[in-house]
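Shown here: entry15.cif, mmCIF, C-alpha atoms.
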data_query
loop_
_atom_site.label_atom_id
_atom_site.label_comp_id
_atom_site.auth_asym_id
_atom_site.auth_seq_id
_atom_site.Cartn_x
_atom_site.Cartn_y
_atom_site.Cartn_z
CA MET A 212 101.28 -24.74 -11.95
CA LYS A 213 102.38 -23.68 -8.45
CA GLN A 214 100.70 -25.51 -5.60
CA LYS A 215 98.42 -23.16 -3.68
CA THR A 216 98.28 -22.61 0.05
CA ILE A 217 95.18 -22.08 2.17
CA ALA A 218 95.31 -20.82 5.76
CA ILE A 219 92.37 -21.84 7.92
CA VAL A 220 91.97 -19.67 10.99
CA GLY A 221 90.06 -21.56 13.66
CA LEU A 222 90.07 -25.36 13.83
CA GLY A 223 86.74 -26.12 15.45
CA LEU A 224 84.06 -28.33 13.92
CA ILE A 225 83.67 -26.20 10.80
CA GLY A 226 87.26 -25.05 10.34
CA GLY A 227 88.61 -28.48 11.21
CA SER A 228 86.29 -30.04 8.66
CA PHE A 229 87.48 -27.55 6.04
CA ALA A 230 91.09 -28.44 6.84
CA ARG A 231 90.42 -32.17 6.56
CA ALA A 232 88.43 -31.71 3.34
CA PHE A 233 91.07 -29.59 1.61
CA LYS A 234 93.73 -32.11 2.59
CA LYS A 235 91.66 -35.07 1.39
CA TYR A 236 90.15 -33.72 -1.81
CA THR A 237 92.55 -31.07 -3.11
CA ASP A 238 96.28 -30.45 -3.46
CA TYR A 239 96.22 -27.27 -1.36
CA ILE A 240 98.92 -26.89 1.26
CA VAL A 241 96.89 -26.36 4.45
CA ILE A 242 98.07 -24.09 7.26
CA GLY A 243 96.04 -24.15 10.47
CA PHE A 244 95.68 -21.42 13.08
CA ASN A 245 93.96 -22.06 16.40
CA ARG A 246 93.74 -20.20 19.69
CA THR A 247 94.50 -23.40 21.61
CA ARG A 248 97.84 -24.64 20.33
CA SER A 249 97.21 -28.21 21.46
CA THR A 250 94.34 -28.41 18.97
CA ALA A 251 96.57 -27.23 16.13
CA GLU A 252 99.21 -29.76 17.20
CA LEU A 253 96.61 -32.53 17.13
CA ALA A 254 95.48 -31.46 13.65
CA LEU A 255 99.09 -31.53 12.49
CA GLU A 256 99.66 -34.95 14.05
CA GLN A 257 96.54 -36.33 12.36
CA GLY A 258 97.48 -34.89 8.97
CA ALA A 259 94.57 -32.45 8.80
CA ILE A 260 97.03 -29.59 8.26
CA ASP A 261 100.54 -29.34 6.85
CA ALA A 262 101.78 -26.67 9.25
CA ILE A 263 100.70 -24.70 12.29
CA GLY A 264 100.00 -21.09 11.40
CA THR A 265 102.46 -18.30 12.13
CA GLU A 266 102.75 -14.71 10.95
CA GLU A 267 105.51 -15.83 8.62
CA ASN A 268 103.71 -18.66 6.84
CA LEU A 269 100.50 -16.63 6.73
CA LYS A 270 102.34 -14.53 4.15
CA GLU A 271 102.46 -17.60 1.89
CA ALA A 272 98.68 -18.11 1.84
CA ASP A 273 96.83 -17.66 -1.45
CA VAL A 274 93.53 -18.08 0.41
CA VAL A 275 92.65 -17.34 4.04
CA LEU A 276 89.48 -18.93 5.40
CA LEU A 277 88.23 -17.33 8.62
CA SER A 278 86.45 -19.87 10.82
CA MET A 279 85.79 -17.99 14.04
CA TYR A 280 83.05 -15.80 15.48
CA PRO A 281 82.33 -12.72 13.33
CA LYS A 282 84.00 -10.09 15.53
CA VAL A 283 87.11 -12.18 16.14
CA SER A 284 87.36 -12.99 12.42
CA CYS A 285 87.36 -9.31 11.52
CA ASP A 286 89.81 -8.52 14.31
CA PHE A 287 92.19 -11.16 12.94
CA VAL A 288 92.22 -9.54 9.51
CA GLU A 289 92.76 -6.07 10.97
CA GLN A 290 95.56 -7.27 13.25
CA HIS A 291 97.33 -9.22 10.49
CA ILE A 292 96.63 -6.91 7.57
CA ASP A 293 100.35 -6.57 6.80
CA CYS A 294 100.82 -10.36 6.80
CA PHE A 295 98.68 -11.08 3.73
CA LYS A 296 100.38 -11.22 0.36
CA PRO A 297 98.97 -9.00 -2.42
CA GLY A 298 96.06 -10.65 -4.21
CA CYS A 299 95.27 -13.00 -1.33
CA ILE A 300 91.63 -14.14 -1.23
CA ILE A 301 89.98 -13.84 2.16
CA THR A 302 86.77 -15.74 2.77
CA ASP A 303 84.91 -16.94 5.85
CA ASP A 304 82.28 -19.35 7.14
CA CYS A 305 80.47 -17.03 9.56
CA GLY A 306 76.70 -17.21 10.03
CA ILE A 307 76.06 -13.54 9.29
CA LYS A 308 77.33 -11.51 6.37
CA SER A 309 76.45 -7.80 6.54
CA TYR A 310 78.64 -7.26 9.60
CA LEU A 311 81.70 -8.85 7.97
CA VAL A 312 81.14 -7.17 4.61
CA GLU A 313 80.95 -3.77 6.30
CA ARG A 314 84.16 -4.32 8.26
CA LEU A 315 86.28 -6.14 5.70
CA THR A 316 85.41 -4.85 2.23
CA GLY A 317 87.05 -1.43 2.43
CA LEU A 318 90.00 -2.77 4.40
CA CYS A 319 90.71 -5.49 1.85
CA LYS A 320 90.36 -3.14 -1.13
CA ALA A 321 92.76 -0.66 0.44
CA HIS A 322 95.42 -3.35 0.87
CA GLY A 323 95.11 -5.11 -2.49
CA LEU A 324 93.24 -8.12 -1.10
CA TYR A 325 90.05 -9.83 -2.23
CA TYR A 326 87.13 -10.64 0.06
CA VAL A 327 84.29 -13.05 -0.73
CA GLY A 328 81.89 -13.98 2.06
CA GLY A 329 80.91 -17.59 2.63
CA HIS A 330 78.55 -19.64 4.78
CA PRO A 331 78.36 -23.45 4.65
CA MET A 332 74.91 -24.94 5.23
CA ALA A 333 76.28 -27.88 7.20
CA GLY A 334 77.06 -28.70 10.79
CA ARG A 335 76.45 -30.98 13.72
CA GLU A 336 75.03 -30.61 17.23
CA VAL A 337 78.50 -31.24 18.70
CA SER A 338 81.37 -28.80 18.36
CA GLY A 339 85.15 -28.79 18.39
CA TYR A 340 87.95 -30.12 16.24
CA LYS A 341 87.49 -33.72 17.41
CA ALA A 342 84.00 -33.74 15.87
CA SER A 343 85.28 -32.52 12.48
CA SER A 344 85.05 -34.61 9.32
CA ALA A 345 86.46 -34.37 5.81
CA ASP A 346 83.03 -35.32 4.48
CA LEU A 347 80.92 -32.82 6.43
CA TYR A 348 80.31 -30.77 3.29
CA LYS A 349 79.46 -33.61 0.91
CA GLY A 350 76.24 -32.66 -0.87
CA ALA A 351 75.78 -29.47 1.19
CA SER A 352 74.95 -25.95 0.06
CA MET A 353 77.52 -23.14 0.24
CA LEU A 354 76.32 -19.55 0.28
CA ILE A 355 78.74 -17.20 -1.47
CA VAL A 356 78.62 -13.41 -1.10
CA PRO A 357 80.52 -11.31 -3.66
CA THR A 358 81.63 -7.89 -2.42
CA GLU A 359 83.13 -4.72 -3.83
CA ALA A 360 86.47 -6.27 -2.89
CA SER A 361 85.97 -9.17 -5.32
CA THR A 362 85.72 -9.70 -9.08
CA PRO A 363 83.75 -12.24 -11.14
CA ASP A 364 86.94 -14.22 -11.71
CA ILE A 365 87.70 -14.34 -7.99
CA VAL A 366 84.14 -15.41 -7.19
CA HIS A 367 84.44 -18.16 -9.81
CA GLU A 368 87.69 -19.32 -8.21
CA VAL A 369 86.06 -19.44 -4.77
CA LYS A 370 83.12 -21.42 -6.16
CA HIS A 371 85.48 -23.91 -7.79
CA MET A 372 87.45 -24.24 -4.55
CA PHE A 373 84.36 -25.09 -2.50
CA ALA A 374 82.94 -27.42 -5.15
CA ALA A 375 86.18 -29.40 -4.99
CA ILE A 376 85.55 -30.39 -1.36
CA GLY A 377 82.02 -31.64 -1.87
CA PHE A 378 79.57 -28.75 -1.91
CA SER A 379 76.89 -29.62 -4.46
CA GLN A 380 74.98 -26.33 -4.43
CA LEU A 381 76.78 -22.98 -4.66
CA VAL A 382 74.36 -20.12 -4.08
CA ILE A 383 75.32 -16.53 -4.91
CA THR A 384 73.57 -14.00 -2.70
CA THR A 385 73.88 -10.51 -1.21
CA PRO A 386 74.74 -9.88 2.44
CA GLU A 387 71.30 -8.41 3.09
CA HIS A 388 69.39 -11.29 1.53
CA HIS A 389 71.65 -13.81 3.24
CA ASP A 390 71.02 -12.32 6.67
CA ARG A 391 67.26 -12.05 6.13
CA MET A 392 66.97 -15.66 4.99
CA ILE A 393 69.27 -17.02 7.70
CA ALA A 394 67.21 -15.19 10.32
CA TYR A 395 64.29 -17.36 9.17
CA THR A 396 65.88 -20.68 8.19
CA SER A 397 68.38 -20.96 11.04
CA GLN A 398 68.33 -18.34 13.77
CA LEU A 399 64.58 -18.37 14.43
CA CYS A 400 64.68 -22.18 14.60
CA HIS A 401 67.29 -22.05 17.36
CA ILE A 402 65.30 -19.48 19.33
CA VAL A 403 62.04 -21.44 19.04
CA SER A 404 63.82 -24.63 20.12
CA SER A 405 65.47 -22.88 23.06
CA ALA A 406 62.18 -21.30 24.17
CA TYR A 407 60.14 -24.48 23.69
CA ILE A 408 62.36 -26.59 25.93
CA LYS A 409 61.84 -24.15 28.84
CA SER A 410 58.30 -25.43 29.43
CA PRO A 411 57.79 -26.81 32.97
CA SER A 412 56.58 -29.99 31.25
CA GLU A 413 60.10 -30.60 29.95
CA MET A 414 61.10 -32.20 33.24
CA GLU A 415 58.62 -35.04 32.66
CA HIS A 416 58.97 -35.54 28.90
CA LYS A 417 60.62 -38.97 29.01
CA GLY A 418 58.19 -41.67 27.97
CA TYR A 419 55.91 -39.09 26.38
CA SER A 420 58.16 -37.76 23.63
CA GLY A 421 58.87 -39.05 20.15
CA GLY A 422 60.00 -37.79 16.78
CA SER A 423 58.20 -34.45 16.94
CA TYR A 424 59.82 -33.61 20.25
CA ARG A 425 63.27 -34.66 19.05
CA ASP A 426 62.94 -32.63 15.85
CA LEU A 427 61.92 -29.48 17.69
CA THR A 428 64.45 -29.67 20.52
CA ARG A 429 67.51 -30.86 18.58
CA VAL A 430 69.08 -27.43 18.11
CA ALA A 431 68.39 -26.28 21.67
CA TYR A 432 71.76 -27.91 22.31
CA LEU A 433 73.71 -24.90 21.08
CA ASN A 434 76.78 -22.77 21.69
CA GLU A 435 75.28 -19.81 23.54
CA THR A 436 78.40 -17.67 23.15
CA MET A 437 78.36 -17.93 19.36
CA TRP A 438 74.60 -17.62 18.94
CA THR A 439 74.38 -14.58 21.23
CA GLU A 440 76.78 -12.74 18.92
CA LEU A 441 75.04 -13.93 15.76
CA PHE A 442 71.58 -12.97 17.03
CA ILE A 443 72.56 -9.48 18.16
CA GLU A 444 74.55 -8.68 15.01
CA ASN A 445 71.54 -9.75 12.92
CA LYS A 446 68.92 -8.20 15.18
CA LYS A 447 66.78 -6.36 12.63
CA PRO A 448 65.75 -9.30 10.40
CA LEU A 449 65.68 -11.67 13.36
CA VAL A 450 63.37 -9.52 15.48
CA ALA A 451 61.07 -9.19 12.45
CA GLU A 452 60.91 -13.00 12.18
CA ILE A 453 60.26 -13.36 15.93
CA ASP A 454 57.42 -10.82 15.70
CA GLU A 455 55.93 -12.73 12.77
CA MET A 456 56.14 -15.98 14.74
CA ILE A 457 54.46 -14.39 17.76
CA ARG A 458 51.66 -13.11 15.51
CA HIS A 459 51.01 -16.58 14.11
CA LEU A 460 51.20 -18.26 17.51
CA THR A 461 48.68 -15.76 18.82
CA GLU A 462 46.29 -16.70 16.00
CA TYR A 463 46.52 -20.38 16.95
CA ARG A 464 46.21 -19.66 20.68
CA ASP A 465 43.13 -17.47 20.21
CA ALA A 466 41.40 -19.97 17.92
CA ILE A 467 41.97 -22.79 20.44
CA ASP A 468 41.00 -20.68 23.45
CA GLN A 469 37.79 -19.54 21.74
CA GLU A 470 37.06 -23.07 20.45
CA ASP A 471 36.88 -21.60 16.96
CA ALA A 472 37.20 -24.85 15.01
CA ASP A 473 36.76 -23.24 11.59
CA THR A 474 39.58 -20.76 12.11
CA LEU A 475 41.85 -23.41 13.63
CA PHE A 476 41.12 -25.77 10.73
CA SER A 477 42.03 -23.01 8.26
CA LEU A 478 45.25 -22.17 10.08
CA LEU A 479 46.36 -25.80 10.13
CA ARG A 480 45.35 -26.36 6.51
CA ASP A 481 47.21 -23.24 5.38
CA GLY A 482 50.34 -24.43 7.16
CA ARG A 483 50.14 -27.84 5.50
CA LEU A 484 49.59 -26.32 2.07
CA ARG A 485 52.58 -24.00 2.46
CA LYS A 486 54.77 -26.95 3.42
CA GLU A 487 53.53 -28.88 0.37
CA GLN A 488 54.17 -25.88 -1.87
CA PHE A 489 57.62 -24.87 -0.64
CA GLY A 490 58.94 -28.18 0.68
#

Whole structure, structure tokens version:
Amino acid sequence: MKQKTIAIVGLGLIGGSFARAFKKYTDYIVIGFNRTRSTAELALEQGAIDAIGTEENLKEADVVLLSMYPKVSCDFVEQHIDCFKPGCIITDDCGIKSYLVERLTGLCKAHGLYYVGGHPMAGREVSGYKASSADLYKGASMLIVPTEASTPDIVHEVKHMFAAIGFSQLVITTPEHHDRMIAYTSQLCHIVSSAYIKSPSEMEHKGYSGGSYRDLTRVAYLNETMWTELFIENKKPLVAEIDEMIRHLTEYRDAIDQEDADTLFSLLRDGRLRKEQFG
């Protein structure tokens, strides 16, 4: 059986970790593209990739994994549409899905390519290739989004490919459901963390803060360029989640301000019970 080739476009934390994982755990030939050539050269030197990406060797790729911001990922496909071989599988690791599905599905179908969206539920607070790890995805969940430019067999192949590098949970979803859930489980968390840390009390937190503070502020250390794009492209479900959060915060604020112990007790109890129920 012919050895397959995967091209990873973007060698930051996530893309670099994919490159390392495919090299360590599979027999894929790994081609790496990166905007900063020195990063690609470092990846080649360290054995994370087999070759630095070019338009010529892109034509050899059986799979192309886009690991950049959503708009740039779509632009790359559009600009290199004639460089993909027929039947090539294009996937991605972007944090939103509807935007990519809308831009890439028709384009891929028209050129005999397959497109299956992806989103790894793994990461670190630090970014960049130097923070990447072959084991970042061990035991993690991978969200997989079939499209009209995919088939059940192609989706199965993509699932098998990601399982081979350590993902233990492969979740099939739609772009709409993905974006609604990610607005709640990820994007809202980053906004709350970013807003919370803007309190004037933040300047004096040392000596007064413990685990609760660390848990809530951890993701305030973010990449504002990336998250600005993700938030705006997913504005409808995200604004709905923000509005829901504001409504609940207002309930707590009013109960405390009015010294309404019964209502406050009920609000706190309901929150605890929901956590016990849903984990």

Exercise for the section: Determine the residue membership of the PyMOL selection byres ((chain A and resi 362) around 12) for the file above and supply it as a VMD selection string. Expected result: chain A and resid 298 300 320 324 to 327 356 to 361 363 to 369

Exercise for the section: Go through the shown structure with the PyMOL selection byres ((chain A and resi 330) around 6) and write out the matching residues as a PyMOL selection string. Expected result: chain A and resi 304-305+329+331+353-354

List every protein, DNA or RNA residue that has at least one atom no more than 6 Å from (93.7, -27.2, 13.2) in the file's coordinates, counting all atoms listed in the file, and write the result as an mmCIF file with C-alpha atoms, in the frame of the given file.
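Ended up saving to part_39.cif:
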data_model
loop_
_atom_site.group_PDB
_atom_site.id
_atom_site.type_symbol
_atom_site.label_atom_id
_atom_site.label_comp_id
_atom_site.auth_asym_id
_atom_site.auth_seq_id
_atom_site.Cartn_x
_atom_site.Cartn_y
_atom_site.Cartn_z
ATOM 1 C CA LEU A 222 90.070 -25.360 13.830
ATOM 2 C CA GLY A 227 88.610 -28.480 11.210
ATOM 3 C CA GLY A 243 96.040 -24.150 10.470
ATOM 4 C CA THR A 250 94.340 -28.410 18.970
ATOM 5 C CA ALA A 251 96.570 -27.230 16.130
ATOM 6 C CA ALA A 254 95.480 -31.460 13.650
#

Exercise for the section: Determine the residue membership of the PyMOL selection byres ((chain A and resi 419-434) around 10) for the file above and supply it as number ranges by chain. Expected result: A: 335-338, 397, 400-409, 413, 415-418, 435-439

Practice task
For CA of Pro448 (chain A) and CA of Asp390 (chain A), quote the distance in Å rounded to one decimal.
Solution key: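 Interatomic distance, CA of Pro448 (chain A) to CA of Asp390 (chain A): 7.1 Å.
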
Completion exercise
Using all atoms listed in the file, the shortest atom-to-atom distance to Leu276 (chain A) among A:Gln469, A:Ser343, A:Arg458, A:Ala218 belongs to A:Ala218

Exercise for the section: Would you mind reading off the distance between CA of Tyr340 (chain A) and CA of Ile225 (chain A), one decimal, in Å? Expected result: 8.0 Å

Exercise for the section: Rounded to one decimal place, report the CA of Ala374 (chain A)-CA of Gln214 (chain A) distance in Å. Expected result: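 Taking CA of Ala374 (chain A) and CA of Gln214 (chain A), their separation equals 17.9 Å.
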
Handout entry: Which of A:Tyr395, A:Phe295, A:Tyr348, A:Phe442 sits closest to Ala375 (chain A) [using all atoms listed in the file]
Key =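 Looking at the shortest contact to Ala375 (chain A), the residue is A:Tyr348.
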
Practice task
Find, counting all atoms listed in the file, the residue in A:Gly323, A:Gly377, A:Gly317, A:Gly490 that gets nearest to Cys299 (chain A).
Solution key: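 Using all atoms listed in the file, the shortest distance to Cys299 (chain A) belongs to A:Gly323.
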
Take every atom of region 267-284 of chain A listed in the file, pad by 5 Å on each side, and give me the axis-aligned box centre and edge lengths in Å, one decimal, as JSON.
{"center_x": 93.9, "center_y": -15.0, "center_z": 7.3, "size_x": 33.2, "size_y": 19.8, "size_z": 27.6}

Residues near region 383-387 of chain A, cut-off 6 Å, only C-alpha atoms, skip fewer than 6 positions along chain, as a PDB file with C-alpha atoms, in the frame of the given file:
ATOM      1  CA  LYS A 308      77.330 -11.510   6.370  1.00  0.00           C
ATOM      2  CA  SER A 309      76.450  -7.800   6.540  1.00  0.00           C
ATOM      3  CA  ILE A 355      78.740 -17.200  -1.470  1.00  0.00           C
ATOM      4  CA  VAL A 356      78.620 -13.410  -1.100  1.00  0.00           C
TER       5      VAL A 356
END

Exercise for the section: Rank A:Ser344, A:Ser284, A:Asn268, A:Thr396 by their smallest atom-to-atom distance to Ser228 (chain A), using only C-alpha atoms, and report the top residue only. Expected result: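 Answer, going by the shortest atom-to-atom distance: A:Ser344.
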
Exercise for the section: Anything within 12 Å of (91.7, -29.4, 2.2): list those residues as a PyMOL selection string, counting all atoms listed in the file and sticking to the file's coordinates. Expected result: chain A and resi 215-219+226-243+258-261+274+276+344-346+348+372-377

Incomplete region 262-273 of chain A brought to N, CA and C atoms, written out as an mmCIF file, in the frame of the given file:
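The resulting out_22.cif:
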data_model
loop_
_atom_site.group_PDB
_atom_site.id
_atom_site.type_symbol
_atom_site.label_atom_id
_atom_site.label_comp_id
_atom_site.auth_asym_id
_atom_site.auth_seq_id
_atom_site.Cartn_x
_atom_site.Cartn_y
_atom_site.Cartn_z
ATOM 1 N N ALA A 262 100.946 -27.491 8.367
ATOM 2 C CA ALA A 262 101.780 -26.670 9.250
ATOM 3 C C ALA A 262 100.882 -25.870 10.175
ATOM 4 N N ILE A 263 101.401 -25.573 11.356
ATOM 5 C CA ILE A 263 100.700 -24.700 12.290
ATOM 6 C C ILE A 263 100.953 -23.259 11.876
ATOM 7 N N GLY A 264 99.905 -22.453 11.899
ATOM 8 C CA GLY A 264 100.000 -21.090 11.400
ATOM 9 C C GLY A 264 100.888 -20.182 12.232
ATOM 10 N N THR A 265 101.643 -19.349 11.523
ATOM 11 C CA THR A 265 102.460 -18.300 12.130
ATOM 12 C C THR A 265 102.314 -17.049 11.265
ATOM 13 N N GLU A 266 102.793 -15.930 11.763
ATOM 14 C CA GLU A 266 102.750 -14.710 10.950
ATOM 15 C C GLU A 266 103.587 -14.873 9.694
ATOM 16 N N GLU A 267 104.638 -15.645 9.779
ATOM 17 C CA GLU A 267 105.510 -15.830 8.620
ATOM 18 C C GLU A 267 104.854 -16.673 7.537
ATOM 19 N N ASN A 268 104.300 -17.842 7.911
ATOM 20 C CA ASN A 268 103.710 -18.660 6.840
ATOM 21 C C ASN A 268 102.340 -18.159 6.403
ATOM 22 N N LEU A 269 101.731 -17.260 7.191
ATOM 23 C CA LEU A 269 100.500 -16.630 6.730
ATOM 24 C C LEU A 269 100.765 -15.836 5.450
ATOM 25 N N LYS A 270 101.975 -15.315 5.328
ATOM 26 C CA LYS A 270 102.340 -14.530 4.150
ATOM 27 C C LYS A 270 102.401 -15.374 2.879
ATOM 28 N N GLU A 271 102.411 -16.695 3.036
ATOM 29 C CA GLU A 271 102.460 -17.600 1.890
ATOM 30 C C GLU A 271 101.067 -17.983 1.389
ATOM 31 N N ALA A 272 100.032 -17.639 2.147
ATOM 32 C CA ALA A 272 98.680 -18.110 1.840
ATOM 33 C C ALA A 272 98.086 -17.406 0.621
ATOM 34 N N ASP A 273 97.579 -18.198 -0.307
ATOM 35 C CA ASP A 273 96.830 -17.660 -1.450
ATOM 36 C C ASP A 273 95.382 -17.404 -1.057
#
